[in-house]
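Below is one structure; the comments refer to it alone.
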Amino acid sequence: MYATLSQIAAFSTVPSNLLPALGLLGLIVALVRRRSGGLWLAGLGIGGTLIAGILPIANIVIRPLEERFPKYQEDGRPIDGIIVLSGAVDLARSFDRGEFSLNGAAERFVSFAEMARHHPEARLVYTGYSSGPSRSEAQLAAEQMTRLGLSTERLLIETASRTTWDNARNTKALLGASAQGRWVLITSAWHMPRAMGCFQKVGLTVIPYPVDYQTRGRSDSIRPFTIVGHGLQRLDIAVREWLGLFGYRMSGRTDSFFPGP
């Protein structure tokens, strides 16, 4: 039931689904009932799809998320551990093809592996996601990191999380007393505000390490997209994340609507 409701909500709230659906509904109404309102609705859906996909609306909406926390800077001080949130592994392709496969958020995994090599004394936590009885993302990632030469003795994997809130509270429980050290949190820049809000809420102090930026910076706020699908895809990410921030604040999983440094 949870998965079904999540899928329905995911479909109905993202612009790349909602706008074309409005256009299609309008065409159906216009053809079946022969009403001008249907044409207006079709125009709204089709026009909205083109406007949202070409104009830099997505960049304007996502940039505040990406720039909420500054880029991570090494300060020469030792760290106790590194935490990475799941989302970098393409589970379906990895299982179906039988080989480890990353998706568009691959920088989460790459940065985690780089940090692990740069700080050989640090503990490693991969808090992952499992959508069924098969191996979780964290388990697949752990196997791949072993192939890259990282010691499994350093690695803790957490496979029960389904949400960012789960990531935070399950990681704190997993770490126990060692959670009081200096820990770095790696996730996508656009996801960092919600992630930091959750970790702050559970009382686990972490240093943000945002990666996987979608925009190049301020100049993207005036740069249109040349492919409609690219603009819609980025807008989907931004809309889902802003809705997530709102939902987490309303449910008490964060202490503020827009968590910051």
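By convention here, the chains of the structure tokens are called A, B, ... in the order presented, each chain's residues are numbered starting at 1, and ligands are numbered starting at 1 in the order presented.
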
- Message: If we count only C-alpha atoms and set the cut-off at 9 Å, which residues sit around region 180-190 of chain A, ignoring sequence neighbours fewer than 3 positions away in its own chain? Please answer as a PyMOL selection string.
- Response: chain A and resi 62-69+71+78-87+105+107-109+111-112+122-123+175-177+193-196+204-214+237-238+241

Keeping N, CA and C atoms for every residue in the selection just given, could you write it to a file as a compact mmCIF listing (two decimals), in the first residue's frame?
```txt
# COMPACT_ATOMS: atom_id res chain seq x y z
N ILE A 62 15.63 25.30 -8.66
CA ILE A 62 16.53 24.35 -7.99
C ILE A 62 17.77 25.02 -7.41
N ARG A 63 18.15 26.18 -7.92
CA ARG A 63 19.39 26.81 -7.44
C ARG A 63 19.39 27.13 -5.96
N PRO A 64 18.30 27.64 -5.37
CA PRO A 64 18.32 27.88 -3.92
C PRO A 64 18.59 26.61 -3.11
N LEU A 65 18.12 25.47 -3.61
CA LEU A 65 18.38 24.20 -2.93
C LEU A 65 19.87 23.86 -3.01
N GLU A 66 20.43 24.00 -4.21
CA GLU A 66 21.82 23.62 -4.42
C GLU A 66 22.80 24.53 -3.69
N GLU A 67 22.43 25.78 -3.51
CA GLU A 67 23.36 26.74 -2.94
C GLU A 67 23.11 27.03 -1.47
N ARG A 68 22.23 26.27 -0.86
CA ARG A 68 21.92 26.49 0.55
C ARG A 68 23.13 26.21 1.44
N PHE A 69 23.90 25.20 1.07
CA PHE A 69 25.10 24.85 1.83
C PHE A 69 26.33 25.04 0.94
N LYS A 71 30.15 24.54 -0.69
CA LYS A 71 30.91 23.38 -1.10
C LYS A 71 31.84 22.95 0.04
N PRO A 78 41.35 15.77 11.10
CA PRO A 78 40.88 14.39 10.87
C PRO A 78 39.37 14.29 11.04
N ILE A 79 38.77 13.34 10.36
CA ILE A 79 37.34 13.10 10.52
C ILE A 79 37.15 11.66 10.99
N ASP A 80 36.08 11.44 11.73
CA ASP A 80 35.81 10.11 12.28
C ASP A 80 35.10 9.21 11.28
N GLY A 81 34.31 9.82 10.40
CA GLY A 81 33.59 8.97 9.46
C GLY A 81 32.93 9.73 8.34
N ILE A 82 32.47 8.97 7.35
CA ILE A 82 31.84 9.52 6.15
C ILE A 82 30.53 8.78 5.93
N ILE A 83 29.46 9.53 5.77
CA ILE A 83 28.13 8.97 5.52
C ILE A 83 27.68 9.37 4.12
N VAL A 84 27.17 8.43 3.36
CA VAL A 84 26.61 8.75 2.05
C VAL A 84 25.19 8.22 1.99
N LEU A 85 24.30 9.04 1.45
CA LEU A 85 22.91 8.61 1.28
C LEU A 85 22.76 7.87 -0.05
N SER A 86 21.88 6.89 -0.06
CA SER A 86 21.65 6.10 -1.26
C SER A 86 21.04 6.96 -2.37
N GLY A 87 21.03 6.43 -3.57
CA GLY A 87 20.45 7.13 -4.69
C GLY A 87 21.35 7.17 -5.91
N ALA A 105 23.06 10.33 -10.36
CA ALA A 105 23.60 10.81 -9.08
C ALA A 105 24.90 10.10 -8.72
N GLU A 107 27.86 10.89 -8.62
CA GLU A 107 28.85 11.63 -7.84
C GLU A 107 28.76 11.29 -6.35
N ARG A 108 27.61 10.86 -5.89
CA ARG A 108 27.51 10.46 -4.48
C ARG A 108 28.47 9.30 -4.21
N PHE A 109 28.42 8.29 -5.05
CA PHE A 109 29.27 7.11 -4.88
C PHE A 109 30.73 7.46 -5.12
N SER A 111 32.32 10.39 -4.94
CA SER A 111 32.87 11.24 -3.88
C SER A 111 33.08 10.46 -2.59
N PHE A 112 32.17 9.55 -2.32
CA PHE A 112 32.30 8.70 -1.13
C PHE A 112 33.57 7.85 -1.21
N ALA A 122 39.03 6.88 8.57
CA ALA A 122 37.61 7.17 8.81
C ALA A 122 36.73 5.93 8.64
N ARG A 123 35.70 5.83 9.47
CA ARG A 123 34.68 4.81 9.28
C ARG A 123 33.77 5.23 8.14
N LEU A 175 25.38 4.01 14.54
CA LEU A 175 26.66 4.52 15.03
C LEU A 175 26.78 4.45 16.55
N GLY A 176 25.67 4.60 17.23
CA GLY A 176 25.71 4.56 18.69
C GLY A 176 26.56 5.67 19.27
N ALA A 177 27.46 5.34 20.18
CA ALA A 177 28.28 6.33 20.86
C ALA A 177 29.24 7.04 19.91
N PRO A 193 19.61 20.31 1.92
CA PRO A 193 18.82 20.96 2.97
C PRO A 193 17.92 20.00 3.74
N ARG A 194 17.20 19.14 3.03
CA ARG A 194 16.30 18.21 3.72
C ARG A 194 17.10 17.18 4.52
N ALA A 195 18.19 16.70 3.93
CA ALA A 195 19.02 15.73 4.63
C ALA A 195 19.61 16.32 5.90
N MET A 196 20.15 17.52 5.82
CA MET A 196 20.73 18.16 6.99
C MET A 196 19.67 18.42 8.05
N LEU A 204 22.24 14.26 15.27
CA LEU A 204 23.51 13.78 14.73
C LEU A 204 24.16 14.91 13.95
N THR A 205 25.23 15.48 14.50
CA THR A 205 25.92 16.59 13.87
C THR A 205 26.81 16.09 12.75
N VAL A 206 26.61 16.62 11.55
CA VAL A 206 27.38 16.19 10.39
C VAL A 206 27.85 17.43 9.61
N ILE A 207 28.92 17.24 8.85
CA ILE A 207 29.48 18.28 8.00
C ILE A 207 28.98 18.05 6.58
N PRO A 208 28.28 19.01 5.98
CA PRO A 208 27.71 18.78 4.64
C PRO A 208 28.76 18.74 3.54
N TYR A 209 28.61 17.77 2.65
CA TYR A 209 29.47 17.64 1.48
C TYR A 209 28.53 17.49 0.28
N PRO A 210 28.02 18.61 -0.25
CA PRO A 210 27.09 18.53 -1.38
C PRO A 210 27.80 18.18 -2.68
N VAL A 211 27.19 17.30 -3.46
CA VAL A 211 27.72 16.88 -4.76
C VAL A 211 26.56 16.83 -5.76
N ASP A 212 26.83 16.37 -6.97
CA ASP A 212 25.76 16.13 -7.95
C ASP A 212 24.97 17.40 -8.24
N TYR A 213 25.68 18.50 -8.47
CA TYR A 213 25.00 19.76 -8.83
C TYR A 213 24.33 19.63 -10.20
N GLN A 214 23.13 20.16 -10.31
CA GLN A 214 22.40 20.13 -11.58
C GLN A 214 22.68 21.37 -12.42
N ILE A 237 12.82 17.24 -10.39
CA ILE A 237 13.67 17.09 -9.21
C ILE A 237 13.41 18.21 -8.22
N ALA A 238 13.36 19.44 -8.73
CA ALA A 238 13.17 20.59 -7.85
C ALA A 238 11.81 20.57 -7.16
N GLU A 241 11.57 17.98 -4.47
CA GLU A 241 12.36 18.31 -3.28
C GLU A 241 11.70 19.41 -2.46
```

- Task: Name the residues of region 19-243 of chain A that come out as helix (DSSP H, G or I) in a backbone DSSP run; write them as a ChimeraX atom specification.
- Result: /A:19-33,36-54,57-66,91-97,107-118,137-147,152-154,164-180,189-201,218-222,228-243

Applying 7 Å and only C-alpha atoms, which residues near Thr254 (chain A) remain after dropping the ones on its own chain fewer than 4 positions away? List them as a short mmCIF file (atom, residue, chain, number, x, y, z; two decimals) with N, CA and C atoms, in the first residue's frame.
```
data_model
loop_
_atom_site.label_atom_id
_atom_site.label_comp_id
_atom_site.auth_asym_id
_atom_site.auth_seq_id
_atom_site.Cartn_x
_atom_site.Cartn_y
_atom_site.Cartn_z
N GLY A 197 18.47 18.82 7.61
CA GLY A 197 17.39 19.04 8.56
C GLY A 197 17.04 17.78 9.34
N CYS A 198 17.05 16.64 8.65
CA CYS A 198 16.74 15.37 9.32
C CYS A 198 17.84 14.97 10.29
N LYS A 201 17.66 17.07 13.29
CA LYS A 201 16.51 16.72 14.11
C LYS A 201 16.79 15.53 15.02
N TYR A 248 8.11 17.35 5.19
CA TYR A 248 8.93 17.02 6.36
C TYR A 248 8.74 18.04 7.47
N ARG A 249 8.60 19.30 7.09
CA ARG A 249 8.36 20.32 8.13
C ARG A 249 7.00 20.12 8.78
#
```

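With distances restricted to only C-alpha atoms, A:Thr127 is the closest residue to Asp166 (chain A) from A:Thr127, A:Ser136, A:Ser36, A:Ser178.
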
- Query: Nearest to Val202 (chain A): which of A:Thr164, A:Ser16, A:Ser151, A:Gln233 is it, counting only C-alpha atoms?
  - Reply: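 The closest residue to Val202 (chain A) is A:Thr164.
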
- Query: Which residues, written as a ChimeraX atom specification, have at least one atom at most 9 Å from Asn59 (chain A), with only C-alpha atoms counted and residues fewer than 5 positions away on the same chain left out?
  - Reply: /A:214-215,217-218,220-223,231,234-235,238

Could you please take those selected residues and save N, CA and C atoms as a PDB file, in the first residue's frame?
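Output saved as selection.pdb:
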```
ATOM      1  N   GLN A 214      23.127  20.161 -10.313  1.00  0.00           N
ATOM      2  CA  GLN A 214      22.401  20.129 -11.580  1.00  0.00           C
ATOM      3  C   GLN A 214      22.677  21.371 -12.421  1.00  0.00           C
ATOM      4  N   THR A 215      23.008  22.486 -11.793  1.00  0.00           N
ATOM      5  CA  THR A 215      23.237  23.732 -12.513  1.00  0.00           C
ATOM      6  C   THR A 215      24.710  24.123 -12.459  1.00  0.00           C
ATOM      7  N   GLY A 217      25.557  27.318 -12.068  1.00  0.00           N
ATOM      8  CA  GLY A 217      25.648  28.524 -11.257  1.00  0.00           C
ATOM      9  C   GLY A 217      24.623  29.560 -11.679  1.00  0.00           C
ATOM     10  N   ARG A 218      24.899  30.805 -11.321  1.00  0.00           N
ATOM     11  CA  ARG A 218      23.938  31.884 -11.548  1.00  0.00           C
ATOM     12  C   ARG A 218      23.581  32.046 -13.017  1.00  0.00           C
ATOM     13  N   ASP A 220      22.916  29.986 -15.216  1.00  0.00           N
ATOM     14  CA  ASP A 220      21.862  29.082 -15.671  1.00  0.00           C
ATOM     15  C   ASP A 220      20.464  29.640 -15.425  1.00  0.00           C
ATOM     16  N   SER A 221      20.357  30.663 -14.594  1.00  0.00           N
ATOM     17  CA  SER A 221      19.047  31.255 -14.318  1.00  0.00           C
ATOM     18  C   SER A 221      18.488  32.005 -15.513  1.00  0.00           C
ATOM     19  N   ILE A 222      19.329  32.299 -16.496  1.00  0.00           N
ATOM     20  CA  ILE A 222      18.855  32.997 -17.700  1.00  0.00           C
ATOM     21  C   ILE A 222      19.152  32.175 -18.961  1.00  0.00           C
ATOM     22  N   ARG A 223      19.598  30.957 -18.774  1.00  0.00           N
ATOM     23  CA  ARG A 223      19.943  30.122 -19.922  1.00  0.00           C
ATOM     24  C   ARG A 223      18.821  29.125 -20.215  1.00  0.00           C
ATOM     25  N   GLY A 231      14.742  20.119 -19.420  1.00  0.00           N
ATOM     26  CA  GLY A 231      14.160  21.110 -18.525  1.00  0.00           C
ATOM     27  C   GLY A 231      13.100  20.519 -17.618  1.00  0.00           C
ATOM     28  N   ARG A 234      14.716  18.302 -14.806  1.00  0.00           N
ATOM     29  CA  ARG A 234      15.284  19.090 -13.711  1.00  0.00           C
ATOM     30  C   ARG A 234      14.186  19.732 -12.873  1.00  0.00           C
ATOM     31  N   LEU A 235      13.110  20.171 -13.529  1.00  0.00           N
ATOM     32  CA  LEU A 235      12.003  20.758 -12.789  1.00  0.00           C
ATOM     33  C   LEU A 235      11.337  19.708 -11.904  1.00  0.00           C
ATOM     34  N   ALA A 238      13.360  19.440  -8.727  1.00  0.00           N
ATOM     35  CA  ALA A 238      13.173  20.591  -7.847  1.00  0.00           C
ATOM     36  C   ALA A 238      11.813  20.574  -7.164  1.00  0.00           C
TER      37      ALA A 238
END
```

- Task: Compare A:Asp255, A:Val228, A:Thr146, A:Glu137 by their minimum atom-to-atom distance to Ala160 (chain A), counting only C-alpha atoms, and give me the closest one.
- Result: A:Glu137

- Message: Among region 4-160 of chain A, which ones does DSSP assign to strand (DSSP E) (computed from the backbone)? Answer as a PyMOL selection string.
- Response: chain A and resi 81-85+123-127+155-158

Next, the residues of the selection above should be written as an mmCIF file, in the first residue's frame with N, CA and C atoms.
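Output file part-v5.cif is given in full below:
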```cif
data_model
loop_
_atom_site.group_PDB
_atom_site.id
_atom_site.type_symbol
_atom_site.label_atom_id
_atom_site.label_comp_id
_atom_site.auth_asym_id
_atom_site.auth_seq_id
_atom_site.Cartn_x
_atom_site.Cartn_y
_atom_site.Cartn_z
ATOM 1 N N GLY A 81 34.308 9.817 10.397
ATOM 2 C CA GLY A 81 33.594 8.970 9.464
ATOM 3 C C GLY A 81 32.931 9.728 8.338
ATOM 4 N N ILE A 82 32.468 8.969 7.351
ATOM 5 C CA ILE A 82 31.836 9.517 6.154
ATOM 6 C C ILE A 82 30.529 8.780 5.933
ATOM 7 N N ILE A 83 29.458 9.533 5.768
ATOM 8 C CA ILE A 83 28.127 8.969 5.524
ATOM 9 C C ILE A 83 27.684 9.368 4.120
ATOM 10 N N VAL A 84 27.174 8.429 3.359
ATOM 11 C CA VAL A 84 26.615 8.753 2.052
ATOM 12 C C VAL A 84 25.191 8.220 1.986
ATOM 13 N N LEU A 85 24.301 9.038 1.446
ATOM 14 C CA LEU A 85 22.914 8.611 1.275
ATOM 15 C C LEU A 85 22.756 7.869 -0.047
ATOM 16 N N ARG A 123 35.699 5.834 9.473
ATOM 17 C CA ARG A 123 34.676 4.808 9.284
ATOM 18 C C ARG A 123 33.770 5.227 8.137
ATOM 19 N N LEU A 124 33.134 4.255 7.503
ATOM 20 C CA LEU A 124 32.301 4.515 6.339
ATOM 21 C C LEU A 124 30.895 3.984 6.579
ATOM 22 N N VAL A 125 29.901 4.797 6.255
ATOM 23 C CA VAL A 125 28.507 4.380 6.386
ATOM 24 C C VAL A 125 27.792 4.617 5.074
ATOM 25 N N TYR A 126 27.220 3.554 4.516
ATOM 26 C CA TYR A 126 26.387 3.664 3.322
ATOM 27 C C TYR A 126 24.966 3.320 3.756
ATOM 28 N N THR A 127 24.131 4.349 3.818
ATOM 29 C CA THR A 127 22.751 4.122 4.233
ATOM 30 C C THR A 127 21.901 4.005 2.983
ATOM 31 N N LEU A 155 33.560 -0.455 6.790
ATOM 32 C CA LEU A 155 32.269 -0.128 6.206
ATOM 33 C C LEU A 155 31.090 -0.662 7.011
ATOM 34 N N LEU A 156 30.153 0.230 7.281
ATOM 35 C CA LEU A 156 28.878 -0.133 7.887
ATOM 36 C C LEU A 156 27.792 0.134 6.862
ATOM 37 N N ILE A 157 26.934 -0.849 6.622
ATOM 38 C CA ILE A 157 25.846 -0.638 5.673
ATOM 39 C C ILE A 157 24.516 -0.702 6.412
ATOM 40 N N GLU A 158 23.621 0.166 5.976
ATOM 41 C CA GLU A 158 22.295 0.257 6.591
ATOM 42 C C GLU A 158 21.288 0.065 5.469
#
```

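Interatomic distance, CA of Pro120 (chain A) to CA of Leu150 (chain A): 9.0 Å.
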
- How far is it from CA of Ile60 (chain A) to CA of Asn103 (chain A), in Å with one decimal?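 Taking CA of Ile60 (chain A) as the start and CA of Asn103 (chain A) as the end point, the length is 23.7 Å.
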